[in-house]
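Okay, so here's the structure we're looking at.
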Amino acid sequence: MDNTSGTFSFSRNKQGFTLIETMITIAIVAIMTAIALPSLNNFIVQMRVDNEVNELQRLLLTARNAAINSSQNAQLCPLKANDTCKPTTDWSGRIGVISIDGLIKEKSAISTGDKLTFTSQSVTYDPSGRSDNAALITFKYCPKSDTDYARGVSLSISGRSYLSADINGDGKDQDRAGNTISCP
């Protein structure tokens, strides 16, 4: 205590972190990153797949609603450069909803290396909202690096679409018929 002013004074040397403290901090951060990175990559793949199948289901709903509302057929199909249906079963490029009025809505191409498979060249809805397929058929979305995260959208004869889900708890999605969504 300083007797003249009645206040305490401390004379400490102010120092930064030591080299050892800095190295330990960097090591802890590196370990935490190494543990979290694989989980983050899996999360990113799952989110990409979920976004793609949800967008595909919205396109199917849009096509069905367009057919019902216009009392005319509407299609979901791969697109040519002039926004008309391309006669192909390659669904990896742009796909869109086409009605009597032309292109209603489109989805951009999928991520490079991923696969979107479907056995038909298009899905056509009639004015009652029914699809032209004769049985339950499924769009399959397969990410390039993690095929265990494959998902699908099943399309019933009535025209309704259903997202795949892990029904049996094995970590892989199944379609409405209980078949595991598998990648070719």
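We name chains A, B, ... following the order of the structure tokens; residues begin at 1 in each chain, and ligands are numbered from 1 as shown.
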
Near Tyr141 (chain A), counting only C-alpha atoms, which residues have an atom at most 9 Å away, once you skip same-chain residues fewer than 3 positions from it, shown as a PDB file with N, CA and C atoms, in the first residue's frame?
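What landed in part.pdb:
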```
ATOM      1  N   VAL A  49     -28.421 -34.268 -50.594  1.00  0.00           N
ATOM      2  CA  VAL A  49     -29.365 -35.275 -51.076  1.00  0.00           C
ATOM      3  C   VAL A  49     -30.785 -34.895 -50.665  1.00  0.00           C
ATOM      4  N   GLU A  52     -32.102 -32.088 -52.859  1.00  0.00           N
ATOM      5  CA  GLU A  52     -32.414 -32.531 -54.221  1.00  0.00           C
ATOM      6  C   GLU A  52     -33.725 -33.312 -54.276  1.00  0.00           C
ATOM      7  N   VAL A  53     -33.928 -34.276 -53.373  1.00  0.00           N
ATOM      8  CA  VAL A  53     -35.168 -35.062 -53.434  1.00  0.00           C
ATOM      9  C   VAL A  53     -36.377 -34.226 -53.042  1.00  0.00           C
ATOM     10  N   ASP A 114     -23.043 -36.937 -58.994  1.00  0.00           N
ATOM     11  CA  ASP A 114     -24.249 -37.536 -58.425  1.00  0.00           C
ATOM     12  C   ASP A 114     -25.091 -38.106 -59.560  1.00  0.00           C
ATOM     13  N   LYS A 115     -26.026 -39.011 -59.227  1.00  0.00           N
ATOM     14  CA  LYS A 115     -26.887 -39.614 -60.239  1.00  0.00           C
ATOM     15  C   LYS A 115     -28.341 -39.517 -59.818  1.00  0.00           C
ATOM     16  N   LEU A 116     -29.182 -39.159 -60.765  1.00  0.00           N
ATOM     17  CA  LEU A 116     -30.632 -39.200 -60.586  1.00  0.00           C
ATOM     18  C   LEU A 116     -31.150 -40.158 -61.642  1.00  0.00           C
ATOM     19  N   THR A 117     -31.663 -41.306 -61.212  1.00  0.00           N
ATOM     20  CA  THR A 117     -32.127 -42.310 -62.160  1.00  0.00           C
ATOM     21  C   THR A 117     -33.636 -42.453 -62.093  1.00  0.00           C
ATOM     22  N   TYR A 149     -26.265 -42.886 -48.531  1.00  0.00           N
ATOM     23  CA  TYR A 149     -27.193 -41.770 -48.309  1.00  0.00           C
ATOM     24  C   TYR A 149     -28.180 -41.607 -49.461  1.00  0.00           C
ATOM     25  N   ALA A 150     -28.308 -42.615 -50.321  1.00  0.00           N
ATOM     26  CA  ALA A 150     -29.241 -42.547 -51.449  1.00  0.00           C
ATOM     27  C   ALA A 150     -30.662 -42.368 -50.926  1.00  0.00           C
ATOM     28  N   ARG A 151     -31.418 -41.552 -51.649  1.00  0.00           N
ATOM     29  CA  ARG A 151     -32.824 -41.322 -51.299  1.00  0.00           C
ATOM     30  C   ARG A 151     -33.646 -41.392 -52.566  1.00  0.00           C
ATOM     31  N   GLY A 152     -34.943 -41.432 -52.411  1.00  0.00           N
ATOM     32  CA  GLY A 152     -35.807 -41.517 -53.572  1.00  0.00           C
ATOM     33  C   GLY A 152     -37.140 -40.844 -53.370  1.00  0.00           C
ATOM     34  N   VAL A 153     -37.841 -40.681 -54.489  1.00  0.00           N
ATOM     35  CA  VAL A 153     -39.209 -40.191 -54.489  1.00  0.00           C
ATOM     36  C   VAL A 153     -40.018 -41.204 -55.282  1.00  0.00           C
ATOM     37  N   ILE A 181     -33.370 -48.260 -51.346  1.00  0.00           N
ATOM     38  CA  ILE A 181     -32.913 -47.415 -52.440  1.00  0.00           C
ATOM     39  C   ILE A 181     -31.437 -47.728 -52.646  1.00  0.00           C
ATOM     40  N   CYS A 183     -27.993 -47.798 -55.314  1.00  0.00           N
ATOM     41  CA  CYS A 183     -27.387 -47.080 -56.433  1.00  0.00           C
ATOM     42  C   CYS A 183     -26.770 -48.072 -57.400  1.00  0.00           C
TER      43      CYS A 183
END
```

Looking only at helix (DSSP H, G or I) from DSSP on the backbone, list the matching residues of region 16-98 of chain A as a short mmCIF file (atom, residue, chain, number, x, y, z; two decimals) with N, CA and C atoms, in the first residue's frame.
```cif
data_model
loop_
_atom_site.label_atom_id
_atom_site.label_comp_id
_atom_site.auth_asym_id
_atom_site.auth_seq_id
_atom_site.Cartn_x
_atom_site.Cartn_y
_atom_site.Cartn_z
N LEU A 19 5.00 -20.19 -25.42
CA LEU A 19 5.05 -21.06 -26.59
C LEU A 19 4.35 -22.39 -26.30
N ILE A 20 4.55 -22.92 -25.13
CA ILE A 20 3.92 -24.20 -24.73
C ILE A 20 2.40 -24.06 -24.72
N GLU A 21 1.88 -22.99 -24.14
CA GLU A 21 0.42 -22.77 -24.10
C GLU A 21 -0.15 -22.66 -25.51
N THR A 22 0.53 -21.98 -26.38
CA THR A 22 0.06 -21.82 -27.76
C THR A 22 0.07 -23.16 -28.49
N MET A 23 1.11 -23.95 -28.30
CA MET A 23 1.19 -25.25 -28.96
C MET A 23 0.10 -26.20 -28.46
N ILE A 24 -0.18 -26.17 -27.18
CA ILE A 24 -1.24 -27.02 -26.62
C ILE A 24 -2.59 -26.61 -27.19
N THR A 25 -2.84 -25.31 -27.28
CA THR A 25 -4.10 -24.82 -27.83
C THR A 25 -4.26 -25.25 -29.29
N ILE A 26 -3.21 -25.13 -30.08
CA ILE A 26 -3.26 -25.55 -31.49
C ILE A 26 -3.50 -27.05 -31.59
N ALA A 27 -2.87 -27.83 -30.73
CA ALA A 27 -3.06 -29.29 -30.74
C ALA A 27 -4.50 -29.66 -30.41
N ILE A 28 -5.09 -29.00 -29.43
CA ILE A 28 -6.49 -29.27 -29.06
C ILE A 28 -7.43 -28.92 -30.21
N VAL A 29 -7.22 -27.78 -30.84
CA VAL A 29 -8.05 -27.38 -31.98
C VAL A 29 -7.89 -28.38 -33.13
N ALA A 30 -6.68 -28.85 -33.41
CA ALA A 30 -6.45 -29.81 -34.48
C ALA A 30 -7.16 -31.13 -34.19
N ILE A 31 -7.12 -31.60 -32.96
CA ILE A 31 -7.79 -32.84 -32.59
C ILE A 31 -9.31 -32.70 -32.74
N MET A 32 -9.85 -31.59 -32.28
CA MET A 32 -11.30 -31.36 -32.39
C MET A 32 -11.72 -31.28 -33.85
N THR A 33 -10.92 -30.66 -34.69
CA THR A 33 -11.23 -30.57 -36.11
C THR A 33 -11.18 -31.94 -36.76
N ALA A 34 -10.19 -32.74 -36.42
CA ALA A 34 -10.07 -34.08 -36.99
C ALA A 34 -11.26 -34.95 -36.60
N ILE A 35 -11.80 -34.76 -35.42
CA ILE A 35 -12.96 -35.53 -34.98
C ILE A 35 -14.23 -35.04 -35.67
N ALA A 36 -14.38 -33.74 -35.83
CA ALA A 36 -15.62 -33.16 -36.36
C ALA A 36 -15.70 -33.21 -37.88
N LEU A 37 -14.59 -33.20 -38.59
CA LEU A 37 -14.60 -33.09 -40.05
C LEU A 37 -15.34 -34.22 -40.75
N PRO A 38 -15.13 -35.49 -40.43
CA PRO A 38 -15.90 -36.54 -41.11
C PRO A 38 -17.41 -36.40 -40.88
N SER A 39 -17.80 -36.06 -39.68
CA SER A 39 -19.22 -35.86 -39.40
C SER A 39 -19.78 -34.70 -40.20
N LEU A 40 -19.01 -33.66 -40.35
CA LEU A 40 -19.44 -32.49 -41.12
C LEU A 40 -19.59 -32.86 -42.59
N ASN A 41 -18.66 -33.63 -43.14
CA ASN A 41 -18.77 -34.07 -44.53
C ASN A 41 -20.02 -34.90 -44.75
N ASN A 42 -20.31 -35.85 -43.85
CA ASN A 42 -21.51 -36.67 -43.96
C ASN A 42 -22.76 -35.80 -43.88
N PHE A 43 -22.75 -34.84 -42.99
CA PHE A 43 -23.89 -33.94 -42.85
C PHE A 43 -24.11 -33.15 -44.14
N ILE A 44 -23.05 -32.69 -44.76
CA ILE A 44 -23.17 -31.91 -46.00
C ILE A 44 -23.74 -32.79 -47.13
N VAL A 45 -23.29 -34.04 -47.22
CA VAL A 45 -23.83 -34.95 -48.24
C VAL A 45 -25.31 -35.20 -47.99
N GLN A 46 -25.67 -35.48 -46.74
CA GLN A 46 -27.07 -35.73 -46.42
C GLN A 46 -27.94 -34.52 -46.75
N MET A 47 -27.47 -33.33 -46.45
CA MET A 47 -28.25 -32.12 -46.73
C MET A 47 -28.41 -31.92 -48.24
N ARG A 48 -27.35 -32.18 -49.02
CA ARG A 48 -27.43 -32.04 -50.47
C ARG A 48 -28.47 -33.01 -51.04
N VAL A 49 -28.42 -34.27 -50.59
CA VAL A 49 -29.36 -35.27 -51.08
C VAL A 49 -30.78 -34.89 -50.66
N ASP A 50 -30.97 -34.51 -49.41
CA ASP A 50 -32.31 -34.11 -48.95
C ASP A 50 -32.85 -32.94 -49.76
N ASN A 51 -32.02 -31.95 -50.04
CA ASN A 51 -32.47 -30.80 -50.83
C ASN A 51 -32.88 -31.23 -52.24
N GLU A 52 -32.10 -32.09 -52.86
CA GLU A 52 -32.41 -32.53 -54.22
C GLU A 52 -33.73 -33.31 -54.28
N VAL A 53 -33.93 -34.28 -53.37
CA VAL A 53 -35.17 -35.06 -53.43
C VAL A 53 -36.38 -34.23 -53.04
N ASN A 54 -36.21 -33.29 -52.13
CA ASN A 54 -37.32 -32.40 -51.78
C ASN A 54 -37.69 -31.51 -52.96
N GLU A 55 -36.69 -31.01 -53.67
CA GLU A 55 -36.97 -30.18 -54.84
C GLU A 55 -37.64 -31.00 -55.94
N LEU A 56 -37.22 -32.24 -56.12
CA LEU A 56 -37.85 -33.11 -57.10
C LEU A 56 -39.31 -33.37 -56.74
N GLN A 57 -39.57 -33.61 -55.47
CA GLN A 57 -40.95 -33.84 -55.06
C GLN A 57 -41.81 -32.59 -55.28
N ARG A 58 -41.24 -31.41 -55.03
CA ARG A 58 -41.99 -30.17 -55.30
C ARG A 58 -42.31 -30.02 -56.79
N LEU A 59 -41.37 -30.43 -57.65
CA LEU A 59 -41.64 -30.38 -59.09
C LEU A 59 -42.76 -31.34 -59.48
N LEU A 60 -42.76 -32.53 -58.90
CA LEU A 60 -43.84 -33.48 -59.17
C LEU A 60 -45.19 -32.91 -58.71
N LEU A 61 -45.21 -32.29 -57.55
CA LEU A 61 -46.45 -31.67 -57.06
C LEU A 61 -46.88 -30.52 -57.97
N THR A 62 -45.93 -29.74 -58.45
CA THR A 62 -46.23 -28.63 -59.34
C THR A 62 -46.83 -29.15 -60.65
N ALA A 63 -46.26 -30.22 -61.20
CA ALA A 63 -46.78 -30.79 -62.45
C ALA A 63 -48.20 -31.32 -62.24
N ARG A 64 -48.41 -31.99 -61.15
CA ARG A 64 -49.74 -32.54 -60.86
C ARG A 64 -50.77 -31.41 -60.70
N ASN A 65 -50.40 -30.39 -59.92
CA ASN A 65 -51.32 -29.27 -59.73
C ASN A 65 -51.58 -28.51 -61.02
N ALA A 66 -50.56 -28.38 -61.87
CA ALA A 66 -50.74 -27.70 -63.16
C ALA A 66 -51.75 -28.45 -64.02
N ALA A 67 -51.66 -29.79 -64.04
CA ALA A 67 -52.60 -30.59 -64.83
C ALA A 67 -54.03 -30.44 -64.30
N ILE A 68 -54.18 -30.48 -63.00
CA ILE A 68 -55.51 -30.36 -62.40
C ILE A 68 -56.09 -28.97 -62.64
N ASN A 69 -55.29 -27.94 -62.39
CA ASN A 69 -55.79 -26.57 -62.51
C ASN A 69 -56.08 -26.14 -63.95
N SER A 70 -55.31 -26.64 -64.92
CA SER A 70 -55.51 -26.23 -66.31
C SER A 70 -56.44 -27.18 -67.08
#
```

CA of Val123 (chain A) to CA of Ser71 (chain A), straight-line distance in Å: 16.3 Å

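Note that DSSP on the backbone gives strand (DSSP E or B) to these residues of region 46-77 of chain A: A:Ala74, A:Gln75, A:Leu76, A:Cys77.
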
Dump of N, CA and C atoms for the selected residues, as a PDB file, in the first residue's frame:
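Output contents, as saved in selection_32.pdb:
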```pdb
ATOM      1  N   ALA A  74     -49.924 -32.256 -68.028  1.00  0.00           N
ATOM      2  CA  ALA A  74     -48.676 -31.564 -67.683  1.00  0.00           C
ATOM      3  C   ALA A  74     -47.602 -32.628 -67.502  1.00  0.00           C
ATOM      4  N   GLN A  75     -46.365 -32.279 -67.826  1.00  0.00           N
ATOM      5  CA  GLN A  75     -45.265 -33.234 -67.778  1.00  0.00           C
ATOM      6  C   GLN A  75     -44.120 -32.726 -66.923  1.00  0.00           C
ATOM      7  N   LEU A  76     -43.422 -33.668 -66.319  1.00  0.00           N
ATOM      8  CA  LEU A  76     -42.110 -33.422 -65.720  1.00  0.00           C
ATOM      9  C   LEU A  76     -41.133 -34.210 -66.574  1.00  0.00           C
ATOM     10  N   CYS A  77     -40.080 -33.535 -67.067  1.00  0.00           N
ATOM     11  CA  CYS A  77     -39.157 -34.201 -67.980  1.00  0.00           C
ATOM     12  C   CYS A  77     -37.799 -33.508 -67.997  1.00  0.00           C
TER      13      CYS A  77
END
```

For CA of Gly129 (chain A) and CA of Ala165 (chain A), the interatomic separation in Å (one decimal): 24.1 Å

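If you count only C-alpha atoms and ignore residues fewer than 6 places along the chain from Lys172 (chain A), what sits within 7 Å of it is Asp148, Tyr149, Asp166 and Thr180 of chain A.
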
7 Å contact set for region 131-133 of chain A, only C-alpha atoms, chain neighbours under 3 positions out, as a list in words: Val123, Thr124, Tyr125, Asp126, Ile157, Ser158 and Gly159 of chain A

Just-selected residues, C-alpha atoms written as a PDB file, in the first residue's frame:
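Full text of result.pdb as output:
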```pdb
ATOM      1  CA  VAL A 123     -43.969 -38.235 -66.013  1.00  0.00           C
ATOM      2  CA  THR A 124     -47.281 -37.087 -67.466  1.00  0.00           C
ATOM      3  CA  TYR A 125     -50.234 -36.089 -65.325  1.00  0.00           C
ATOM      4  CA  ASP A 126     -53.755 -36.016 -66.725  1.00  0.00           C
ATOM      5  CA  ILE A 157     -50.466 -44.646 -60.028  1.00  0.00           C
ATOM      6  CA  SER A 158     -52.774 -42.095 -58.390  1.00  0.00           C
ATOM      7  CA  GLY A 159     -50.120 -39.438 -59.042  1.00  0.00           C
TER       8      GLY A 159
END
```

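The space separating CA of Val97 (chain A) from CA of Ala109 (chain A) comes to 14.1 Å.
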